[in-house]
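Report on one structure; see the data block that follows.
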Amino acid sequence: MINRSAILLRYKRPAINWINEANPVVEDPGITLERVNEDRKVYLISDQDGESQASVDLWVQENYRSLFESEIHAWYLDEKLWPKLTGFKMFKQWFDIEHHSIILDTLDSPIEDDGY
């Protein structure tokens, strides 16, 4: 076990609507909830921040803007296409939060940073 917890964001309908409507060059990107939520980013947080649902909620509330920008950046690099984030309420309308408090590393090799 490693000393981290994990957060995953599950996309909701407003986020999918934005993805499909944001880029005027692509007429029908065909992005669905099912497709988007098949493979998601995993955000590692400290095990202290993942001790309870209340501590996870607090961490997400303090970091929602970075999470939001990370997700929308993965779809469109051009910030002119980005929606205006109006606050934490909007973030919660776009994403559900999954939390996993037990992270098992099954490999004997060190974890490496790929520079991303």
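Ordered as shown in the structure tokens, chains take letters A, B, and onward, while each chain numbers its residues from 1 and ligands are numbered from 1 in the order shown.
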Shell of 12 Å around A:Leu33, only C-alpha atoms, local chain residues under 4 positions omitted, as a ChimeraX atom specification: /A:10-20,37-40,94-95
Please dump the current selection as a short mmCIF file (atom, residue, chain, number, x, y, z; two decimals), in the first residue's frame; keep C-alpha atoms.
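File produced: selection-v9.cif:
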```cif
data_model
loop_
_atom_site.label_atom_id
_atom_site.label_comp_id
_atom_site.auth_asym_id
_atom_site.auth_seq_id
_atom_site.Cartn_x
_atom_site.Cartn_y
_atom_site.Cartn_z
CA ARG A 10 -17.05 11.05 -13.28
CA TYR A 11 -18.42 13.27 -16.03
CA LYS A 12 -22.06 14.35 -15.95
CA ARG A 13 -24.34 15.56 -18.75
CA PRO A 14 -23.40 19.31 -18.66
CA ALA A 15 -19.73 18.44 -19.23
CA ILE A 16 -20.61 16.16 -22.14
CA ASN A 17 -22.81 18.86 -23.64
CA TRP A 18 -19.89 21.31 -23.50
CA ILE A 19 -17.47 18.82 -25.10
CA ASN A 20 -19.87 18.21 -27.97
CA ASN A 37 -16.28 7.66 -18.23
CA GLU A 38 -14.62 4.45 -19.48
CA ASP A 39 -11.08 5.69 -18.83
CA ARG A 40 -10.51 8.64 -16.52
CA TRP A 94 -20.27 18.80 -14.24
CA PHE A 95 -18.59 16.05 -12.18
#
```
Name all residues at most 12 Å from A:Met90 (count only C-alpha atoms; drop same-chain ones fewer than 6 positions away) and give them as a ChimeraX atom specification. /A:12,14-15,61,64-65,68,83-84,96
Those of stretch 34-73 of chain A in DSSP strand (DSSP E or B), formatted as a ChimeraX atom specification: /A:43-46
Would you put the residues from that selection into a file with C-alpha atoms, as a short mmCIF file (atom, residue, chain, number, x, y, z; two decimals), in the first residue's frame?
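As a result, selection_13.cif now contains:
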```cif
data_model
loop_
_atom_site.label_atom_id
_atom_site.label_comp_id
_atom_site.auth_asym_id
_atom_site.auth_seq_id
_atom_site.Cartn_x
_atom_site.Cartn_y
_atom_site.Cartn_z
CA TYR A 43 -5.63 12.19 -9.07
CA LEU A 44 -3.50 11.07 -6.15
CA ILE A 45 -3.89 13.04 -2.95
CA SER A 46 -2.31 12.59 0.46
#
```
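Each of A:Leu85, A:Glu69, A:Asp113, A:Ile103 was checked against A:Ile2 using only C-alpha atoms; the smallest atom-to-atom distance is that of A:Ile103.
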Residues near A:Leu104, cut-off 10 Å, only C-alpha atoms, skip fewer than 6 positions along chain, as a PyMOL selection string: chain A and resi 1-4
With N, CA and C atoms retained, export the selected residues as a PDB file, in the first residue's frame.
```pdb
ATOM      1  N   MET A   1       0.846  -1.182   0.000  1.00  0.00           N
ATOM      2  CA  MET A   1       0.000   0.000   0.000  1.00  0.00           C
ATOM      3  C   MET A   1       0.888   1.240   0.000  1.00  0.00           C
ATOM      4  N   ILE A   2       0.439   2.253  -0.737  1.00  0.00           N
ATOM      5  CA  ILE A   2       1.183   3.505  -0.733  1.00  0.00           C
ATOM      6  C   ILE A   2       0.399   4.554   0.045  1.00  0.00           C
ATOM      7  N   ASN A   3       1.107   5.575   0.479  1.00  0.00           N
ATOM      8  CA  ASN A   3       0.493   6.599   1.330  1.00  0.00           C
ATOM      9  C   ASN A   3      -0.198   7.676   0.498  1.00  0.00           C
ATOM     10  N   ARG A   4      -1.154   7.245  -0.276  1.00  0.00           N
ATOM     11  CA  ARG A   4      -1.962   8.139  -1.102  1.00  0.00           C
ATOM     12  C   ARG A   4      -3.406   7.650  -1.119  1.00  0.00           C
TER      13      ARG A   4
END
```
Stretch 87-116 of chain A: which residues are alpha helix (DSSP H) by DSSP, as a count of residues only? 7
A:Trp82: which residues within 8 Å, counting only C-alpha atoms, same-chain residues fewer than 3 positions away excluded, as a PyMOL selection string? chain A and resi 22+72+76+78-79
Same residues, N, CA and C atoms, saved as a PDB file, in the first residue's frame:
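Saved result, result_4.pdb, follows:
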```
ATOM      1  N   ALA A  22     -18.498  22.689 -27.919  1.00  0.00           N
ATOM      2  CA  ALA A  22     -17.458  23.720 -27.802  1.00  0.00           C
ATOM      3  C   ALA A  22     -16.688  23.981 -29.077  1.00  0.00           C
ATOM      4  N   ILE A  72     -10.715  20.021 -18.666  1.00  0.00           N
ATOM      5  CA  ILE A  72     -11.083  20.688 -19.917  1.00  0.00           C
ATOM      6  C   ILE A  72      -9.877  20.863 -20.833  1.00  0.00           C
ATOM      7  N   TYR A  76      -9.657  20.437 -25.003  1.00  0.00           N
ATOM      8  CA  TYR A  76      -9.341  21.539 -25.903  1.00  0.00           C
ATOM      9  C   TYR A  76      -8.205  22.369 -25.326  1.00  0.00           C
ATOM     10  N   ASP A  78      -7.088  25.123 -26.764  1.00  0.00           N
ATOM     11  CA  ASP A  78      -7.418  26.523 -27.002  1.00  0.00           C
ATOM     12  C   ASP A  78      -8.350  27.026 -25.894  1.00  0.00           C
ATOM     13  N   GLU A  79      -7.812  27.891 -25.049  1.00  0.00           N
ATOM     14  CA  GLU A  79      -8.582  28.378 -23.898  1.00  0.00           C
ATOM     15  C   GLU A  79      -9.789  29.217 -24.313  1.00  0.00           C
TER      16      GLU A  79
END
```
Using only C-alpha atoms, which residues sit within 12 Å of A:Ser55 once same-chain residues fewer than 4 positions away are excluded, as an MDAnalysis selection string? chainID A and resid 5 45:51 59:62 99 101
What is the atom CA of A:Ile97-atom CA of A:Leu9 distance in Å, reported with one decimal?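 Computed distance, atom CA of A:Ile97 to atom CA of A:Leu9, equals 4.9 Å.
Proximity to A:Asn63 was assessed for A:Leu81, A:Glu34, A:Phe91, A:Lys41 counting only C-alpha atoms; the smallest distance is recorded for A:Phe91.
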Could you work out how far atom CA of A:Ala6 lies from atom CA of A:His100, giving the answer in Å with one decimal?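 So the answer is 5.0 Å.
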Name the closest residue to A:Trp75 among the candidates A:Val42, A:Val56, A:Leu107, A:Val36; distances are taken between atoms, counting only C-alpha atoms.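 Smallest separation from A:Trp75 among the options: A:Val36.
Of note, atom CA of A:Asp114 and atom CA of A:Leu67 are spaced 19.2 Å apart.
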